[in-house]
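Single-structure report; data block below.
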Amino acid sequence: MKRTLSATALLLLLLAGAPAAFSQTAKSVIYIYLDGGSSQTDTFDPKPQAGKNYTGKYQNPIETCLPGVFIGERLVHLAAIADRYSILRGMTDGTNAHETGHYRMLTGDMTGKDIVYPSFGAMISYKKKDIYDNHLFPYFCIVEASTRFNEAGFLASVYKPYDTGGRPDSEFFDVSGIVDHNIPDDLLRSRRSLLERLSAIGRPVQQTDQVRKAAFFRKQGFDLMLGDARNCFDLGTEADSLRKAYGMNQFGQSCLAARRLVQQGVLAVMVRFRGWDTHKEHFARMDERLDELDAGVSSLILDLESKGLLESTIVVVGGEFGRTPLISFAPPWNGGRGHYGAAFSYIVAGGGFKGGCVVGATDARGENVIERKIYPADLWASVYSLMGIDPHGTVEHPVLGEIPILPSYGVEGQSNGMLTEIMK
Amino acid sequence: MPVFAALLLCISASASAAGAASVGIDTIINAELSRKGITPSQTADPATLVRRYYLVLTDKLPSGTQVLTFLENQDRERLVDSLLASDGFSRKMVLKWGDLLRIKSEFPSCMWPNAVQALNKWLFDEFRAGTPYNEFAFSLLTGTGSNFRVPQTNFFRAGSDRTPHKFASDAALLFLGRRDAPEEWNCFFSQVKFKSTKEWKEEILCLDADVLPPDAPVTLGTSGIVLEAGSDYRIPFANWLTGSREFASAFANRLWYWLMGRGIAHPADDLDGSAVNSNPVLLDYLTGRFIESGYDIRALAREILLSDAFSRSSLTDVDGNCGDELFSHYIQSRLTAEQICDGICDITETSDKYSSRAPEPFTNFPEGTRAIDVCDGTITTPQLDIFGKPSRDVALESGRDNSVNAKQILYLLNSTDIQAKLKASPYIDRISESGDIHKITESVYLRVLSRPASEAEKRTVSQWFSVEKTSGATIRDAAESLVWALLNTDEFLFLN
């Protein structure tokens with residue numbers, strides 16, 4: 001009797017064994033996007049043995065809190081908390097072109113068909129549209145999305161991210177449309193009253209659905225502009241020491257703003273960290289970028305943890321590809337690194353991802369993935385799954401009807417399976 | 001009294017129906033309306049009409065002077081003719097065709113900047129010269145050579161999927177409003193191939209002489225066509241296509257959609273699928289007129305623009321979509337991305353900056369460039385995106401999203417961009433100099449809403465200002481708030 005399973009037990013077992021899609025652990029995702037493509041060998045996959053033509057001046061990687069796991073020498077704070085995140089050294093997206101890499105990483109689609117998919121944030125907003133109930137938009141981009149591909153893909157433009165605009169590191173972080181420190185509340189109220197009075201006596205406008213929507217959004221807009229929601233962007237309420245730990249620069253403060261957004265329940269945030277396309281003056285620029293990255297990401301992870309948000313917030317860090325491990329010393333590059341899509345590194349933390357693991361490995365020079373390739377679709381299948389979205393699920397295309405949300409997922413050469421090894 | 005008014009209305013309706021240019025369109029539409037027992041809306045007032053004509057034909061708000069000139073002479077023919085002859089109309093056509101041809105530097109079309117500029121220039125020259133539509137389509141389908149020097153070859157470079165079937169489907173979509181092409185058409189495009197050159201992103205479209213034609217005749221419409229080895233297989237196809245009535249009808253319907261806000265058969269690009277033809281007689285009539293005119297786009301547009309149907313008010317008692325599809329009133333729609341963004345720049349006399357740092361070579365447009373002239377799906381601004389500028393990933397009319405959403409309203413109410421433009425506006429500086437709130441009100445209504453302010457409106461603004469003054473508002477503050485308020489009215493946001 002003990003050896004035979006009852007039908008109910010079998011069903012339970014099947015349910016338990018079903019993909020993690022049905023057991024949601026994450027509520028939000030923050031994608032720290034290293035726009036331009038960050039060097040894998042200078043960050044999370046150092047190769048000191050490859051020689052100076054590969055390492056340049058970064059010859060002394062540091063050991064993390066995980067014995068035997070080394071990362072780039074400038075990432076001191078991240079080294080100390082390597083148990084909080086996992087390193088993905090097997091990333092590959094097979095393209096050295098910005099626009100294609102950008103598209104592949106943001107959507108997980110490598111099919112190369114004419115269908116343009118929505119980005120992760122648009123897709124998550126779409127899949128959660130019936131349950132997301134929040135006065136803030138579901139998907140934010142700090143401070144501005146790239147125009148290299150259309151974020152909403154074939155979905156309606158309403159799924160595009162809300163660009164905050166503004167400067168999170170300046171005295172006033174003005175979020176276009178929501179907060180403008182130059183416009184006092186009194187002025188907004190006075191203008192609203194003028195608008196209402198003039199609308200009432202203006203030429204009549206046919207009351208279509210669209211006109212009624214505009215009226216509804218106008219009311220909602222004033223509530224947002226004059227209500228509490230805007231406090232979310234007031235970084236001045238955070239302790240000075242915390243703000244400084246994040247780094248008093250645009251990237252650091254953007255990370256802090258991202259934490260405040262997920263704290264409010266926003267589903268997806270992209271922090272677009274620009275300046276990684278270092279064909280020239282690579283090392284001089286890396287000194288600065290890496291320090292900012294180190295402070296911003298380590299503070300974000302620790303801050304999320306201390307607020308009890310790390311368990312429900314996925315943090316993903318990486319760009320559209322890596323960079324050539326071999327340095328281009330010849331003019332005009334004079335010590336730069338080119339685009340490199342064959343092998344690169346990401347880190348992931350929180351929301352159901354385990355910390356302290358290294359997934360995948362590259363060869364002695366960081367040029368080829370020799371163990372556990374990870375494709376964009378694998379990353380997003382894992383994230384979607386942790387967000388309670390079935391990675392085999394579908395999305396409605398305006399012409400084609402229901403099509404897979406991750407068309408590359410499970411396709412030979414475009415996918416190598418979900419990151420189950422680091423999913424709790 | 002009501003009987004008398006109704007009688008007058010009747011007389012004026014029949015009088016205008018007798019006007020030579022509009023006799024066909026209006027008799028057909030009115031017959032359908034009376035059959036369904038629907039009373040059409042009245043003619044829109046002249047101020048609404050002048051704004052509509054400028055926006056529909058050039059995407060540009062009329063200036064105050066242009067509004068006043070029309071209010072005085074109310075000469076629709078003269079206005080329509082001058083707008084159709086203007087570069088503004090050619091630019092609007094370049095924009096519409098740019099959407100359809102997916103003109104875009106970067107992903108996924110990867111036309112790249114040089115080709116984008118060459119193709120836009122070619123389109124503009126074609127529309128300005130008034131090339132007959134059948135010849136225009138023939139050129140697009142049969143170009144060979146460098147994509148920089150023979151710009152129409154870029155028709156074949158818009159997608160990442162360069163297969164004969166995709167080319168055939170693109171042709172079917174653009175020129176016949178069909179979502180897909182029959183497999184038999186593939187052979188017409190089977191020779192198309194590309195060679196690269198030493199010039200960055202230059203590609204030569206050439207024909208592969210080794211591709212043999214099918215043995216059997218290929219069916220096109222009702223006839224079979226035998227392809228000869230060594231010839232350009234696209235030519236018999238293009239000849240058949242541009243000579244077919246379906247071709248003329250698909251464009252007549254599309255142009256009607258662009259001008260009237262809804263296709264007679266709608267949607268205009270799913271004619272063999274979900275489209276419903278609400279008035280086959282009308283579409284057939286327009287198709288015939290278009291062919292008779294020698295495929296003259298302007299002549300077809302002119303007839304539509306001077307019809308009673310075009311000039312009706314958007315205000316209607318007719319419920320739901322029924323009136324929409326029968327054109328009992330003019331279909332109200334939100335202003336397009338380009339209309340709004342250029343409109344705000346025109347009103348405030350400021351400009352947006354358009355540039356692209358990627359891909360190389362970098363593209364920088366001169367100061368004062370208008371959104372409608374950017375003509376590249378890759379180059380945009382946050383505000384154009386918010387208002388649904390199409391990314392040109394698909395060649396569908398639905399790629400241009402004119403629905404209202406919360407971000408658009410927040411943009412108009414309180415965006416950094418709007419506030420900065422109001423602050424920096426030379427126009428607001430200038431009108432404030434008079435110090436006269438009445439004059440300011442007159443000017444702002446004319447500029448923003450393209451109509452004179454009513455006495456009640458002038459009084460309301462002046463009363464509002466007299467209170468604001470006591471809390472320290474200056475005359476410039478008032479002018480700025482007034483422009484802000486009118487930009488946020490439905491009257492501004494919608495084309496009606």
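Each chain in the structure tokens gets a letter, A, B, ..., in the order shown, and its residues are numbered from 1; ligands are numbered from 1 in order too.
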
* To do: Tell me the residues of chain B close to chain A, meaning within 7 Å using only C-alpha atoms, as an NGL selection string.
  => :B and (106-107 or 159-161 or 314-315 or 378 or 388 or 391 or 393 or 401 or 403-406 or 409-411 or 413-416 or 457 or 464 or 481 or 485 or 489-491)

Members of range 97-239 of chain A assigned alpha helix (DSSP H) by DSSP, as a compact mmCIF listing (two decimals) with N, CA and C atoms, in the first residue's frame:
```txt
# COMPACT_ATOMS: atom_id res chain seq x y z
N HIS A 98 24.92 46.03 -31.69
CA HIS A 98 24.18 46.59 -30.55
C HIS A 98 22.68 46.34 -30.65
N GLU A 99 22.11 46.73 -31.82
CA GLU A 99 20.65 46.72 -31.89
C GLU A 99 20.10 45.30 -31.77
N THR A 100 20.82 44.33 -32.34
CA THR A 100 20.35 42.95 -32.25
C THR A 100 20.56 42.40 -30.84
N GLY A 101 21.72 42.69 -30.26
CA GLY A 101 22.00 42.24 -28.90
C GLY A 101 21.00 42.82 -27.91
N HIS A 102 20.75 44.09 -28.09
CA HIS A 102 19.79 44.80 -27.26
C HIS A 102 18.43 44.11 -27.33
N TYR A 103 18.00 43.85 -28.55
CA TYR A 103 16.70 43.19 -28.76
C TYR A 103 16.69 41.80 -28.12
N ARG A 104 17.74 41.04 -28.37
CA ARG A 104 17.76 39.68 -27.85
C ARG A 104 17.76 39.65 -26.33
N MET A 105 18.57 40.51 -25.71
CA MET A 105 18.64 40.49 -24.26
C MET A 105 17.35 41.01 -23.63
N LEU A 106 16.76 42.02 -24.22
CA LEU A 106 15.56 42.60 -23.61
C LEU A 106 14.30 41.77 -23.82
N THR A 107 14.32 40.93 -24.86
CA THR A 107 13.10 40.16 -25.16
C THR A 107 13.29 38.65 -24.96
N PHE A 120 11.00 42.56 -21.75
CA PHE A 120 10.59 41.86 -20.52
C PHE A 120 9.56 42.66 -19.72
N GLY A 121 9.81 43.96 -19.61
CA GLY A 121 8.94 44.80 -18.77
C GLY A 121 7.56 44.96 -19.38
N ALA A 122 7.53 45.10 -20.71
CA ALA A 122 6.25 45.21 -21.39
C ALA A 122 5.50 43.88 -21.28
N MET A 123 6.25 42.78 -21.43
CA MET A 123 5.62 41.46 -21.36
C MET A 123 5.06 41.19 -19.97
N ILE A 124 5.84 41.52 -18.94
CA ILE A 124 5.36 41.29 -17.58
C ILE A 124 4.12 42.15 -17.32
N SER A 125 4.16 43.42 -17.76
CA SER A 125 3.00 44.30 -17.57
C SER A 125 1.77 43.72 -18.26
N TYR A 126 2.01 43.18 -19.46
CA TYR A 126 0.90 42.59 -20.22
C TYR A 126 0.32 41.37 -19.50
N LYS A 127 1.23 40.48 -19.04
CA LYS A 127 0.74 39.26 -18.41
C LYS A 127 0.05 39.53 -17.07
N ASP A 185 2.34 73.54 -6.26
CA ASP A 185 0.98 72.97 -6.24
C ASP A 185 -0.09 74.03 -6.49
N ASP A 186 0.13 75.21 -5.92
CA ASP A 186 -0.86 76.28 -6.10
C ASP A 186 -1.06 76.60 -7.57
N LEU A 187 0.05 76.63 -8.30
CA LEU A 187 -0.04 76.94 -9.72
C LEU A 187 -0.80 75.84 -10.45
N LEU A 188 -0.50 74.59 -10.10
CA LEU A 188 -1.22 73.47 -10.72
C LEU A 188 -2.72 73.58 -10.47
N ARG A 189 -3.06 73.93 -9.23
CA ARG A 189 -4.49 74.02 -8.88
C ARG A 189 -5.15 75.17 -9.62
N SER A 190 -4.42 76.28 -9.68
CA SER A 190 -4.99 77.44 -10.36
C SER A 190 -5.19 77.13 -11.85
N ARG A 191 -4.22 76.44 -12.43
CA ARG A 191 -4.36 76.08 -13.84
C ARG A 191 -5.49 75.10 -14.06
N ARG A 192 -5.62 74.17 -13.11
CA ARG A 192 -6.71 73.20 -13.26
C ARG A 192 -8.06 73.92 -13.25
N SER A 193 -8.17 74.91 -12.38
CA SER A 193 -9.44 75.60 -12.31
C SER A 193 -9.71 76.37 -13.61
N LEU A 194 -8.67 76.96 -14.18
CA LEU A 194 -8.85 77.65 -15.46
C LEU A 194 -9.27 76.65 -16.55
N LEU A 195 -8.59 75.52 -16.56
CA LEU A 195 -8.91 74.49 -17.56
C LEU A 195 -10.36 74.03 -17.44
N GLU A 196 -10.79 73.80 -16.21
CA GLU A 196 -12.16 73.32 -16.01
C GLU A 196 -13.18 74.36 -16.45
N ARG A 197 -12.90 75.61 -16.11
CA ARG A 197 -13.85 76.67 -16.46
C ARG A 197 -13.92 76.86 -17.97
N LEU A 198 -12.76 76.81 -18.62
CA LEU A 198 -12.76 77.02 -20.07
C LEU A 198 -13.33 75.82 -20.82
N SER A 199 -13.08 74.62 -20.29
CA SER A 199 -13.63 73.42 -20.94
C SER A 199 -15.16 73.45 -20.92
N ALA A 200 -15.69 73.98 -19.83
CA ALA A 200 -17.14 73.98 -19.68
C ALA A 200 -17.82 74.90 -20.69
N ILE A 201 -17.13 75.95 -21.14
CA ILE A 201 -17.78 76.89 -22.06
C ILE A 201 -17.19 76.83 -23.47
N ASP A 209 -15.59 57.32 -26.49
CA ASP A 209 -14.85 56.58 -25.47
C ASP A 209 -13.51 57.23 -25.19
N GLN A 210 -12.85 57.65 -26.27
CA GLN A 210 -11.53 58.26 -26.14
C GLN A 210 -11.60 59.56 -25.34
N VAL A 211 -12.61 60.34 -25.59
CA VAL A 211 -12.76 61.61 -24.86
C VAL A 211 -13.05 61.34 -23.38
N ARG A 212 -13.86 60.33 -23.14
CA ARG A 212 -14.15 59.98 -21.74
C ARG A 212 -12.89 59.47 -21.04
N LYS A 213 -12.09 58.73 -21.77
CA LYS A 213 -10.82 58.24 -21.21
C LYS A 213 -9.91 59.41 -20.86
N ALA A 214 -9.82 60.37 -21.76
CA ALA A 214 -8.96 61.52 -21.51
C ALA A 214 -9.39 62.22 -20.23
N ALA A 215 -10.71 62.35 -20.03
CA ALA A 215 -11.21 63.02 -18.82
C ALA A 215 -10.82 62.22 -17.58
N PHE A 216 -10.95 60.91 -17.68
CA PHE A 216 -10.61 60.04 -16.56
C PHE A 216 -9.11 60.16 -16.22
N PHE A 217 -8.27 60.12 -17.25
CA PHE A 217 -6.83 60.20 -17.01
C PHE A 217 -6.41 61.57 -16.49
N ARG A 218 -7.16 62.61 -16.90
CA ARG A 218 -6.86 63.95 -16.40
C ARG A 218 -7.09 64.00 -14.90
N LYS A 219 -8.20 63.42 -14.47
CA LYS A 219 -8.51 63.41 -13.03
C LYS A 219 -7.45 62.59 -12.29
N GLN A 220 -7.16 61.41 -12.85
CA GLN A 220 -6.16 60.53 -12.25
C GLN A 220 -4.79 61.22 -12.20
N GLY A 221 -4.49 61.96 -13.26
CA GLY A 221 -3.21 62.67 -13.36
C GLY A 221 -3.07 63.70 -12.25
N PHE A 222 -4.12 64.47 -12.02
CA PHE A 222 -4.04 65.46 -10.94
C PHE A 222 -3.89 64.79 -9.59
N ASP A 223 -4.56 63.65 -9.41
CA ASP A 223 -4.40 62.92 -8.15
C ASP A 223 -2.95 62.50 -7.95
N LEU A 224 -2.34 62.07 -9.05
CA LEU A 224 -0.95 61.60 -8.99
C LEU A 224 -0.01 62.79 -8.72
N MET A 225 -0.27 63.90 -9.40
CA MET A 225 0.61 65.06 -9.29
C MET A 225 0.48 65.76 -7.94
N LEU A 226 -0.74 65.72 -7.37
CA LEU A 226 -0.96 66.46 -6.13
C LEU A 226 -1.07 65.53 -4.92
```

* Please provide as JSON, numbers by chain all residues within 12 Å of range 303-308 of chain A, with the sequence filter that same-chain residues fewer than 4 positions apart are discarded (counting only C-alpha atoms). => {"A": [28, 29, 30, 81, 84, 85, 238, 239, 241, 242, 243, 245, 246, 255, 256, 257, 258, 259, 260, 261, 262, 263, 295, 296, 297, 298, 299, 312, 313, 314, 315, 349, 350, 351]}

Since we have the selection now, will you write its residues out, keeping N, CA and C atoms, as a short mmCIF file (atom, residue, chain, number, x, y, z; two decimals), in the first residue's frame?
```
data_model
loop_
_atom_site.label_atom_id
_atom_site.label_comp_id
_atom_site.auth_asym_id
_atom_site.auth_seq_id
_atom_site.Cartn_x
_atom_site.Cartn_y
_atom_site.Cartn_z
N SER A 28 8.62 41.59 -8.25
CA SER A 28 9.16 42.65 -9.10
C SER A 28 10.50 42.22 -9.66
N VAL A 29 10.89 42.89 -10.75
CA VAL A 29 12.22 42.66 -11.29
C VAL A 29 12.89 44.00 -11.60
N ILE A 30 14.15 44.09 -11.19
CA ILE A 30 14.95 45.28 -11.53
C ILE A 30 16.04 44.82 -12.48
N ILE A 81 29.82 40.46 -0.91
CA ILE A 81 28.46 39.93 -0.74
C ILE A 81 28.11 38.91 -1.83
N ARG A 84 25.09 36.66 -1.88
CA ARG A 84 23.72 37.15 -2.11
C ARG A 84 23.28 36.99 -3.56
N TYR A 85 24.23 36.84 -4.46
CA TYR A 85 23.84 36.74 -5.87
C TYR A 85 24.57 35.58 -6.52
N GLU A 238 15.55 59.71 2.11
CA GLU A 238 16.43 58.61 2.51
C GLU A 238 17.62 59.17 3.33
N ALA A 239 18.17 58.34 4.20
CA ALA A 239 19.31 58.77 5.01
C ALA A 239 20.50 59.12 4.10
N SER A 241 23.58 58.73 4.58
CA SER A 241 24.61 57.68 4.52
C SER A 241 24.22 56.62 3.48
N LEU A 242 22.93 56.33 3.42
CA LEU A 242 22.48 55.33 2.45
C LEU A 242 22.64 55.87 1.03
N ARG A 243 22.25 57.11 0.83
CA ARG A 243 22.39 57.71 -0.51
C ARG A 243 23.84 57.69 -0.94
N ALA A 245 26.16 55.64 0.09
CA ALA A 245 26.60 54.26 -0.17
C ALA A 245 26.25 53.84 -1.60
N TYR A 246 25.06 54.23 -2.05
CA TYR A 246 24.66 53.93 -3.42
C TYR A 246 25.55 54.64 -4.44
N CYS A 255 19.57 53.47 -8.87
CA CYS A 255 19.35 52.20 -8.17
C CYS A 255 18.47 52.42 -6.94
N LEU A 256 18.74 53.50 -6.25
CA LEU A 256 17.94 53.82 -5.07
C LEU A 256 16.49 54.09 -5.48
N ALA A 257 16.32 54.84 -6.55
CA ALA A 257 14.96 55.13 -7.05
C ALA A 257 14.26 53.82 -7.43
N ALA A 258 15.03 52.89 -8.00
CA ALA A 258 14.45 51.60 -8.39
C ALA A 258 13.94 50.86 -7.17
N ARG A 259 14.72 50.89 -6.10
CA ARG A 259 14.27 50.22 -4.87
C ARG A 259 12.97 50.83 -4.36
N ARG A 260 12.91 52.16 -4.42
CA ARG A 260 11.69 52.83 -3.93
C ARG A 260 10.48 52.46 -4.81
N LEU A 261 10.70 52.27 -6.08
CA LEU A 261 9.60 51.89 -6.98
C LEU A 261 9.10 50.48 -6.68
N VAL A 262 10.02 49.53 -6.50
CA VAL A 262 9.54 48.16 -6.22
C VAL A 262 8.89 48.10 -4.84
N GLN A 263 9.36 48.96 -3.95
CA GLN A 263 8.74 49.04 -2.64
C GLN A 263 7.26 49.44 -2.77
N ALA A 295 29.34 50.11 -6.22
CA ALA A 295 28.62 50.77 -5.12
C ALA A 295 27.11 50.64 -5.32
N GLY A 296 26.64 50.90 -6.53
CA GLY A 296 25.20 50.90 -6.79
C GLY A 296 24.56 49.55 -6.60
N VAL A 297 25.14 48.52 -7.22
CA VAL A 297 24.51 47.20 -7.18
C VAL A 297 24.64 46.57 -5.79
N SER A 298 25.81 46.72 -5.17
CA SER A 298 25.96 46.11 -3.83
C SER A 298 25.02 46.79 -2.84
N SER A 299 24.89 48.11 -2.93
CA SER A 299 23.98 48.81 -2.02
C SER A 299 22.53 48.41 -2.27
N SER A 312 11.51 39.00 -2.68
CA SER A 312 10.44 39.17 -3.67
C SER A 312 10.88 40.04 -4.85
N THR A 313 12.15 40.39 -4.89
CA THR A 313 12.63 41.24 -5.97
C THR A 313 13.81 40.59 -6.69
N ILE A 314 13.65 40.40 -7.98
CA ILE A 314 14.75 39.86 -8.77
C ILE A 314 15.62 41.02 -9.25
N VAL A 315 16.92 40.86 -9.09
CA VAL A 315 17.83 41.85 -9.65
C VAL A 315 18.65 41.16 -10.74
N ALA A 349 20.12 38.12 -8.64
CA ALA A 349 19.94 37.99 -7.20
C ALA A 349 18.46 38.09 -6.86
N GLY A 350 18.10 37.53 -5.72
CA GLY A 350 16.78 37.75 -5.14
C GLY A 350 15.62 37.12 -5.87
N GLY A 351 14.44 37.30 -5.29
CA GLY A 351 13.20 36.88 -5.92
C GLY A 351 13.07 35.39 -6.14
#
```

* To do: Fewer than 4 positions away in the same chain doesn't count, so skip those; otherwise give me all residues within 7 Å of range 369-385 of chain A, counting only C-alpha atoms, as number ranges by chain.
  => A: 20-21, 90-93, 104-105, 108-109, 343, 359-363, 389-391, 406, 408-409, 414-419
